[in-house]
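Heads up, the thing below is written out as structure tokens.
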Amino acid sequence: MPIFTSIYSWFTRQRIHQIELFLKYPHDVQRDWLSNLLKSAQDTEYGRLHDFKSITSAEEFQQRVPLNSYDTLKPYIERLRRGEQQLLWHSDVNWFAKSSGTTAGKSKFIPVSAESLEECHYKAGKDMFSLYLNNHEDSHLFDGRSLGMGGSHHICEMNSDAFYGDVSAILIQNLPFWAEFFRVPHLEIALMDEWEEKIEKMAHTTIERNVTNIAGVPSWTLLLLKRILDITGKKDISEVWPNLEVFFHGGVSFTPYRKQFKQLISSPKMNYVETYNASEGFFGIQDTVGGDDMLLMLDYGIFYEFMDMNSNQILTLDQVELHKNYAMVITTNAGLWRYVIGDTVQFTCLSPYRLKITGRTKTFINAFGEELIEDNALKALAIACEKTHAEIADFTAAPVYIDQKGCHQWLIEFAKMPADLSYFSEVLDNALKAQNSDYEAKRYHDLMLTLPEIIAVPEQTFYRWLKQKDKLGGQHKVPRLSNDRKIVEEILEIVQV
């Protein structure tokens, strides 16, 4: 085994032993973390409010502390952003991960503590490599460079002590000095916020490097790989980086992109590892070769609960069952207490605990990382109708995949048609950009998403679809947004009959 990879493999074996500990005693590890989190925050404003000092069990914790959304924690977070401390967490919180998706505004600002950086995000980064090397003893991973697709926003100063940015940009900004030896591109390029220029510079500066692994969101990574092939005139990334062996991916479903990656990277030694990370924390890593589920990481400073999507019952890890749909509820070492993050998961294995992401608790489109939710859509459509004097009876929307780009296809049953559907599309697009910063980023210069496609469907179309599904009645409605095309294709078939 090559020298650097051999050295890291020694550390890998030590970490694998620790992972085996939480695999063997998962419930004990989770109970210990809950106790540590409560003790750490007992003297904060939130801890005093709920008397953390007197809580001695998970049951008491669930009885005493309410479920939280971003909206319920937002007053505390806004005070943190203004410089107050000791509100949700005992150590100073100076970093905030900017994220879209809240119904309360264009962006969320998720607190990121020093503990969450070290014990969660960075620990997870090391574990990605540890688990990978444990499965690939012939790896040359650390004899080359790691290419990281950084955040879409630059780090912005909010006051003298507080900063915000995309979570990946925060991680890159705070990396230890030695990590720069292994990664590309240079920090000043990785943290650029002008994506068109950033992709160009990343391509030119990494072509000649010995890249062995890539980490990032599939959609943006594809854009970079295609640009590298354009610049080099090569047909295959394996000709540019012959030692490339793994892509660590997360953020959006890899399913629509898998075939495209295999077309661009033909090497039989290429591997793909799924991760489950978010602004709120890092939760899962694929730990098996060829698997499609992820190991739930239990020692990252996070206490997990799971809401049964059928009964709304809140369960601890020892109470979950296989193949049931659960909403994730997390308590973290950044001060997110019983926070419902909006993801739904199913467990594929209970020993050890492995899971898959099944979707969101609300309808959404996130095919390209745009995180478009129903509230965004409804507000944008209202603006479009007002400006074009149109009226909408019903609608649904889903993504369309067009080569490496795509768009959102909207099937709309108009009660009153706009004079110009093209103008309606432009107004809707601008309104969506104003509602959602992630959508705005993906629409920038048509890099990932093109203008929405509007299809006006005949009167009674949605009624006919509901009737066909035996769903007529007040308790049933057409799903507004879908991350796949099943519903849209069913409705288009009705239109074509």
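Letters A, B, ... go to the chains of the structure tokens in the order shown; residues in each chain start at 1; ligands are counted from 1 in the same order.
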
Where does DSSP see strand (DSSP E) in stretch 13-228 of chain A, if you list the residues as a list in words?
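Taking stretch 13-228 of chain A and keeping strand (DSSP E) only, one gets Trp95, Phe96, Ala97, Lys98, Ser99, Lys108, Phe109, Ile110, Pro111, Val112, Arg145, Ser146, Leu147, Gly148, Cys156, Glu157, Phe163, Tyr164, Gly165, Arg183, Val184, Val211, Thr212, Asn213, Ile214, Ala215 and Gly216 of chain A.
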
The selected residues should be written to file as a JSON list (two decimals), in the first residue's frame (atoms: N, CA and C atoms).
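selection-v6.json was written with the following content:
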```
[["chain", "number", "residue", "atom", "x", "y", "z"],
["A", 95, "TRP", "N", -20.73, 30.86, 13.70],
["A", 95, "TRP", "CA", -20.94, 30.48, 12.30],
["A", 95, "TRP", "C", -22.37, 30.02, 12.10],
["A", 96, "PHE", "N", -22.93, 30.34, 10.92],
["A", 96, "PHE", "CA", -24.29, 29.95, 10.59],
["A", 96, "PHE", "C", -24.32, 29.42, 9.15],
["A", 97, "ALA", "N", -24.87, 28.23, 9.00],
["A", 97, "ALA", "CA", -24.99, 27.62, 7.67],
["A", 97, "ALA", "C", -26.27, 28.13, 7.02],
["A", 98, "LYS", "N", -26.11, 28.80, 5.89],
["A", 98, "LYS", "CA", -27.25, 29.35, 5.18],
["A", 98, "LYS", "C", -27.91, 28.26, 4.35],
["A", 99, "SER", "N", -29.21, 28.12, 4.52],
["A", 99, "SER", "CA", -29.94, 27.06, 3.85],
["A", 99, "SER", "C", -31.32, 27.55, 3.48],
["A", 108, "LYS", "N", -32.72, 30.06, 5.72],
["A", 108, "LYS", "CA", -32.54, 29.71, 7.13],
["A", 108, "LYS", "C", -31.07, 29.91, 7.46],
["A", 109, "PHE", "N", -30.79, 30.15, 8.74],
["A", 109, "PHE", "CA", -29.41, 30.28, 9.22],
["A", 109, "PHE", "C", -29.23, 29.30, 10.37],
["A", 110, "ILE", "N", -28.63, 28.17, 10.06],
["A", 110, "ILE", "CA", -28.49, 27.08, 11.03],
["A", 110, "ILE", "C", -27.22, 27.30, 11.86],
["A", 111, "PRO", "N", -27.32, 27.34, 13.19],
["A", 111, "PRO", "CA", -26.12, 27.54, 14.01],
["A", 111, "PRO", "C", -25.13, 26.39, 13.86],
["A", 112, "VAL", "N", -23.84, 26.75, 13.79],
["A", 112, "VAL", "CA", -22.76, 25.77, 13.69],
["A", 112, "VAL", "C", -21.76, 26.08, 14.79],
["A", 145, "ARG", "N", -4.81, 13.84, -4.70],
["A", 145, "ARG", "CA", -5.54, 14.96, -4.10],
["A", 145, "ARG", "C", -7.04, 14.68, -4.05],
["A", 146, "SER", "N", -7.68, 15.33, -3.09],
["A", 146, "SER", "CA", -9.13, 15.28, -2.94],
["A", 146, "SER", "C", -9.73, 16.55, -3.50],
["A", 147, "LEU", "N", -10.63, 16.41, -4.45],
["A", 147, "LEU", "CA", -11.27, 17.57, -5.05],
["A", 147, "LEU", "C", -12.61, 17.80, -4.36],
["A", 148, "GLY", "N", -12.76, 18.96, -3.74],
["A", 148, "GLY", "CA", -13.99, 19.28, -3.02],
["A", 148, "GLY", "C", -14.79, 20.35, -3.74],
["A", 156, "CYS", "N", -19.85, 35.55, 4.54],
["A", 156, "CYS", "CA", -20.22, 36.95, 4.71],
["A", 156, "CYS", "C", -20.20, 37.33, 6.19],
["A", 157, "GLU", "N", -19.59, 38.43, 6.49],
["A", 157, "GLU", "CA", -19.55, 38.92, 7.86],
["A", 157, "GLU", "C", -20.89, 39.56, 8.20],
["A", 163, "PHE", "N", -20.49, 34.98, 11.27],
["A", 163, "PHE", "CA", -20.34, 34.81, 9.83],
["A", 163, "PHE", "C", -21.33, 33.76, 9.35],
["A", 164, "TYR", "N", -21.69, 33.85, 8.06],
["A", 164, "TYR", "CA", -22.54, 32.81, 7.51],
["A", 164, "TYR", "C", -22.06, 32.45, 6.12],
["A", 165, "GLY", "N", -22.48, 31.28, 5.68],
["A", 165, "GLY", "CA", -22.14, 30.80, 4.35],
["A", 165, "GLY", "C", -22.75, 29.43, 4.15],
["A", 183, "ARG", "N", -6.02, 18.57, -0.50],
["A", 183, "ARG", "CA", -7.20, 18.95, -1.26],
["A", 183, "ARG", "C", -6.89, 19.97, -2.35],
["A", 184, "VAL", "N", -7.74, 20.00, -3.37],
["A", 184, "VAL", "CA", -7.75, 21.01, -4.42],
["A", 184, "VAL", "C", -9.21, 21.42, -4.64],
["A", 211, "VAL", "N", -5.82, 13.76, -9.07],
["A", 211, "VAL", "CA", -7.05, 13.67, -8.28],
["A", 211, "VAL", "C", -7.45, 12.21, -8.14],
["A", 212, "THR", "N", -7.57, 11.76, -6.89],
["A", 212, "THR", "CA", -7.97, 10.37, -6.63],
["A", 212, "THR", "C", -9.38, 10.26, -6.11],
["A", 213, "ASN", "N", -9.94, 11.37, -5.59],
["A", 213, "ASN", "CA", -11.30, 11.30, -5.05],
["A", 213, "ASN", "C", -11.97, 12.65, -5.15],
["A", 214, "ILE", "N", -13.28, 12.61, -5.28],
["A", 214, "ILE", "CA", -14.10, 13.82, -5.41],
["A", 214, "ILE", "C", -15.22, 13.74, -4.38],
["A", 215, "ALA", "N", -15.55, 14.89, -3.79],
["A", 215, "ALA", "CA", -16.68, 14.97, -2.87],
["A", 215, "ALA", "C", -17.55, 16.16, -3.25],
["A", 216, "GLY", "N", -18.84, 15.93, -3.39],
["A", 216, "GLY", "CA", -19.71, 17.05, -3.73],
["A", 216, "GLY", "C", -21.11, 16.62, -4.11]]
```

Quick one: which stretch 65-173 of chain A residues come within 10 Å of stretch 334-347 of chain A, and what is the nearest atom pair for each with the distance in Å to one decimal, counting only C-alpha atoms, rows ordered by chain and ascending number, as CSV?
```
residue,atom,partner,partner_atom,distance
A:Val65,CA,A:Arg338,CA,7.4
A:Pro66,CA,A:Arg338,CA,7.0
A:Leu67,CA,A:Arg338,CA,5.1
A:Asn68,CA,A:Tyr339,CA,4.7
A:Ser69,CA,A:Val340,CA,5.7
A:Tyr70,CA,A:Tyr339,CA,7.6
A:Thr72,CA,A:Tyr339,CA,9.5
A:Leu73,CA,A:Leu336,CA,8.0
A:Tyr76,CA,A:Gly335,CA,9.9
A:Ile77,CA,A:Gly335,CA,9.6
A:Gln86,CA,A:Gly335,CA,9.8
A:Leu87,CA,A:Gly335,CA,8.3
A:Leu88,CA,A:Gly335,CA,4.7
A:Trp89,CA,A:Gly335,CA,4.8
A:His90,CA,A:Gly335,CA,8.4
A:Ser91,CA,A:Ala334,CA,8.8
A:Asp92,CA,A:Ala334,CA,9.6
A:Val93,CA,A:Ala334,CA,7.7
A:Gly101,CA,A:Gly342,CA,9.3
A:Thr102,CA,A:Gly342,CA,10.0
A:Ile110,CA,A:Leu336,CA,8.6
A:Pro111,CA,A:Ala334,CA,6.1
A:Val112,CA,A:Ala334,CA,5.6
A:Ser113,CA,A:Ala334,CA,5.0
A:Ala114,CA,A:Ala334,CA,8.0
A:Glu115,CA,A:Ala334,CA,7.0
A:Ser116,CA,A:Ala334,CA,5.7
A:Leu117,CA,A:Ala334,CA,8.9
A:Cys120,CA,A:Ala334,CA,9.9
```

Limited to N, CA, C and O atoms, could you put the picked residues into a file as a CSV table (one decimal), in the first residue's frame?
```
chain,number,residue,atom,x,y,z
A,65,VAL,N,-39.3,18.8,26.7
A,65,VAL,CA,-38.9,19.6,25.6
A,65,VAL,C,-39.8,19.4,24.4
A,65,VAL,O,-40.0,18.3,23.9
A,66,PRO,N,-40.3,20.5,23.8
A,66,PRO,CA,-41.2,20.4,22.7
A,66,PRO,C,-40.5,20.1,21.4
A,66,PRO,O,-39.3,20.4,21.3
A,67,LEU,N,-41.2,19.6,20.4
A,67,LEU,CA,-40.6,19.5,19.1
A,67,LEU,C,-40.4,20.9,18.5
A,67,LEU,O,-41.2,21.8,18.8
A,68,ASN,N,-39.4,21.1,17.7
A,68,ASN,CA,-39.0,22.4,17.2
A,68,ASN,C,-38.9,22.4,15.7
A,68,ASN,O,-38.5,21.4,15.1
A,69,SER,N,-39.3,23.5,15.1
A,69,SER,CA,-39.0,23.7,13.7
A,69,SER,C,-38.1,24.9,13.6
A,69,SER,O,-37.7,25.5,14.7
A,70,TYR,N,-37.7,25.3,12.4
A,70,TYR,CA,-36.8,26.5,12.3
A,70,TYR,C,-37.6,27.7,12.9
A,70,TYR,O,-37.0,28.6,13.6
A,72,THR,N,-39.8,28.0,15.3
A,72,THR,CA,-39.8,28.1,16.7
A,72,THR,C,-38.5,28.4,17.4
A,72,THR,O,-38.4,29.0,18.4
A,73,LEU,N,-37.4,28.0,16.7
A,73,LEU,CA,-36.1,28.3,17.2
A,73,LEU,C,-35.5,29.7,16.6
A,73,LEU,O,-34.5,30.2,17.1
A,76,TYR,N,-34.3,32.6,18.9
A,76,TYR,CA,-33.0,32.4,19.5
A,76,TYR,C,-31.9,32.6,18.5
A,76,TYR,O,-30.9,33.2,18.8
A,77,ILE,N,-32.1,32.1,17.3
A,77,ILE,CA,-31.1,32.1,16.3
A,77,ILE,C,-30.8,33.6,15.9
A,77,ILE,O,-29.7,34.0,15.7
A,86,GLN,N,-24.9,31.9,24.9
A,86,GLN,CA,-25.4,31.1,26.0
A,86,GLN,C,-27.0,31.0,25.9
A,86,GLN,O,-27.7,31.0,26.9
A,87,LEU,N,-27.5,30.9,24.6
A,87,LEU,CA,-28.9,30.8,24.4
A,87,LEU,C,-29.4,29.4,24.2
A,87,LEU,O,-30.2,28.9,24.9
A,88,LEU,N,-28.8,28.7,23.2
A,88,LEU,CA,-29.1,27.3,22.9
A,88,LEU,C,-28.0,26.4,23.2
A,88,LEU,O,-28.3,25.2,23.4
A,89,TRP,N,-26.8,26.9,23.2
A,89,TRP,CA,-25.6,26.0,23.4
A,89,TRP,C,-24.6,26.7,24.3
A,89,TRP,O,-24.6,28.0,24.3
A,90,HIS,N,-23.8,26.0,25.0
A,90,HIS,CA,-22.9,26.6,26.0
A,90,HIS,C,-21.7,27.3,25.5
A,90,HIS,O,-21.2,28.2,26.1
A,91,SER,N,-21.2,26.9,24.3
A,91,SER,CA,-20.0,27.5,23.7
A,91,SER,C,-20.5,28.6,22.7
A,91,SER,O,-21.6,28.6,22.3
A,92,ASP,N,-19.6,29.5,22.4
A,92,ASP,CA,-20.0,30.6,21.5
A,92,ASP,C,-20.3,30.0,20.1
A,92,ASP,O,-19.6,29.1,19.6
A,93,VAL,N,-21.4,30.5,19.5
A,93,VAL,CA,-21.8,30.2,18.1
A,93,VAL,C,-21.5,31.4,17.2
A,93,VAL,O,-22.2,32.4,17.4
A,101,GLY,N,-35.5,26.7,2.3
A,101,GLY,CA,-36.5,25.7,2.6
A,101,GLY,C,-37.5,26.1,3.6
A,101,GLY,O,-38.6,25.5,3.7
A,102,THR,N,-37.3,27.1,4.4
A,102,THR,CA,-38.3,27.5,5.4
A,102,THR,C,-39.4,28.3,4.7
A,102,THR,O,-39.3,29.0,3.8
A,110,ILE,N,-28.6,28.2,10.1
A,110,ILE,CA,-28.5,27.1,11.0
A,110,ILE,C,-27.2,27.3,11.9
A,110,ILE,O,-26.1,27.4,11.3
A,111,PRO,N,-27.3,27.3,13.2
A,111,PRO,CA,-26.1,27.5,14.0
A,111,PRO,C,-25.1,26.4,13.9
A,111,PRO,O,-25.5,25.2,13.8
A,112,VAL,N,-23.8,26.8,13.8
A,112,VAL,CA,-22.8,25.8,13.7
A,112,VAL,C,-21.8,26.1,14.8
A,112,VAL,O,-21.1,27.1,14.8
A,113,SER,N,-21.7,25.2,15.8
A,113,SER,CA,-20.8,25.4,16.9
A,113,SER,C,-19.4,24.8,16.6
A,113,SER,O,-19.3,24.0,15.7
A,114,ALA,N,-18.4,25.1,17.4
A,114,ALA,CA,-17.1,24.5,17.3
A,114,ALA,C,-17.2,23.0,17.5
A,114,ALA,O,-16.5,22.2,16.8
A,115,GLU,N,-18.1,22.6,18.4
A,115,GLU,CA,-18.3,21.2,18.7
A,115,GLU,C,-18.9,20.4,17.5
A,115,GLU,O,-18.5,19.3,17.2
A,116,SER,N,-19.9,21.1,16.9
A,116,SER,CA,-20.5,20.4,15.7
A,116,SER,C,-19.5,20.3,14.5
A,116,SER,O,-19.6,19.3,13.8
A,117,LEU,N,-18.6,21.3,14.4
A,117,LEU,CA,-17.6,21.2,13.4
A,117,LEU,C,-16.7,20.0,13.6
A,117,LEU,O,-16.5,19.2,12.7
A,120,CYS,N,-18.9,16.4,14.6
A,120,CYS,CA,-19.8,15.9,13.6
A,120,CYS,C,-19.3,16.0,12.2
A,120,CYS,O,-18.9,15.0,11.6
```

Under the rule of at most 10 Å, produce a per-residue listing of stretch 194-285 of chain A near stretch 399-419 of chain A: chain, number, name, the closest pair of atoms, and the distance in Å, as CSV, using only C-alpha atoms.
```
residue,atom,partner,partner_atom,distance
A:Ser219,CA,A:Gln404,CA,7.7
A:Trp220,CA,A:Gln404,CA,9.8
A:Leu222,CA,A:Gln404,CA,7.3
A:Leu223,CA,A:Gln404,CA,7.5
A:Lys226,CA,A:Gln404,CA,9.1
A:Pro256,CA,A:Tyr401,CA,8.0
A:Tyr257,CA,A:Gln404,CA,8.3
A:Gln260,CA,A:Gln404,CA,7.8
```

Deliver the residues from the most recent selection as a file, using N, CA and C atoms, as a compact mmCIF listing (two decimals), in the first residue's frame.
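Produced file again.txt, reproduced below:
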```
# COMPACT_ATOMS: atom_id res chain seq x y z
N SER A 219 -24.98 17.20 -9.23
CA SER A 219 -25.29 18.13 -10.33
C SER A 219 -24.13 19.07 -10.63
N TRP A 220 -23.57 19.69 -9.58
CA TRP A 220 -22.45 20.62 -9.79
C TRP A 220 -21.20 19.87 -10.21
N LEU A 222 -21.02 17.17 -12.03
CA LEU A 222 -21.16 16.87 -13.46
C LEU A 222 -20.78 18.07 -14.32
N LEU A 223 -21.20 19.23 -13.89
CA LEU A 223 -20.90 20.45 -14.63
C LEU A 223 -19.39 20.65 -14.74
N LYS A 226 -17.75 17.91 -17.11
CA LYS A 226 -18.00 18.20 -18.53
C LYS A 226 -17.12 19.34 -19.02
N PRO A 256 -30.77 9.99 -10.75
CA PRO A 256 -30.81 10.57 -12.10
C PRO A 256 -29.42 10.79 -12.71
N TYR A 257 -28.39 10.76 -11.89
CA TYR A 257 -27.06 11.11 -12.35
C TYR A 257 -26.14 9.92 -12.55
N GLN A 260 -25.10 9.10 -16.10
CA GLN A 260 -24.26 10.15 -16.69
C GLN A 260 -22.83 10.06 -16.18
```

Could you find all residues in stretch 103-299 of chain A that DSSP calls helix (DSSP H, G or I) from the backbone, and write them as an MDAnalysis selection string?
chainID A and resid 114:135 141:143 167:173 177:181 187:190 195:206 218:232 237:240 255:264

Separation of atom CA of A:Ser482 from atom CA of A:Val427 in Å
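Pair atom CA of A:Val427 / atom CA of A:Ser482 returns 21.4 Å.
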
Please report as CSV every residue of stretch 249-314 of chain A lying within 12 Å of stretch 352-374 of chain A, along with the nearest atom pair and their distance in Å (one decimal), using only C-alpha atoms.
```
residue,atom,partner,partner_atom,distance
A:Gly250,CA,A:Gly369,CA,10.0
A:Gly251,CA,A:Gly369,CA,6.7
A:Val252,CA,A:Gly369,CA,5.9
A:Ser253,CA,A:Ala367,CA,7.0
A:Phe254,CA,A:Ala367,CA,9.2
A:Thr255,CA,A:Ala367,CA,9.7
A:Pro256,CA,A:Ala367,CA,8.1
A:Tyr257,CA,A:Ala367,CA,9.9
A:Glu274,CA,A:Lys356,CA,10.1
A:Thr275,CA,A:Lys356,CA,10.2
A:Tyr276,CA,A:Ile357,CA,8.1
A:Asn277,CA,A:Ile357,CA,10.9
A:Ala278,CA,A:Gly369,CA,11.7
A:Phe283,CA,A:Leu355,CA,10.1
A:Gly284,CA,A:Leu355,CA,8.0
A:Ile285,CA,A:Arg354,CA,9.1
A:Gln286,CA,A:Arg354,CA,8.6
A:Asp287,CA,A:Arg354,CA,9.1
A:Thr288,CA,A:Arg354,CA,10.3
A:Gly291,CA,A:Arg354,CA,10.4
A:Asp292,CA,A:Lys356,CA,7.5
A:Asp293,CA,A:Lys356,CA,5.1
A:Met294,CA,A:Arg354,CA,5.2
A:Leu295,CA,A:Arg354,CA,4.4
A:Leu296,CA,A:Arg354,CA,5.6
A:Met297,CA,A:Tyr353,CA,8.6
A:Leu298,CA,A:Tyr353,CA,9.2
A:Tyr304,CA,A:Tyr353,CA,11.9
A:Met307,CA,A:Thr361,CA,10.3
A:Asp308,CA,A:Thr361,CA,11.0
A:Met309,CA,A:Thr361,CA,8.3
A:Asn310,CA,A:Thr361,CA,11.6
A:Asn312,CA,A:Thr361,CA,11.6
```

Within 7 Å of stretch 436-439 of chain A, counting only C-alpha atoms, which residues show up once you throw out same-chain ones fewer than 2 positions away? Write them as a PyMOL selection string, please.
chain A and resi 100+106-107+369-372+376+432-434+441-443

Residue with smallest distance to A:Val240 - pool A:Arg81, A:His323, A:His140, A:Arg209, counting only C-alpha atoms
A:Arg209
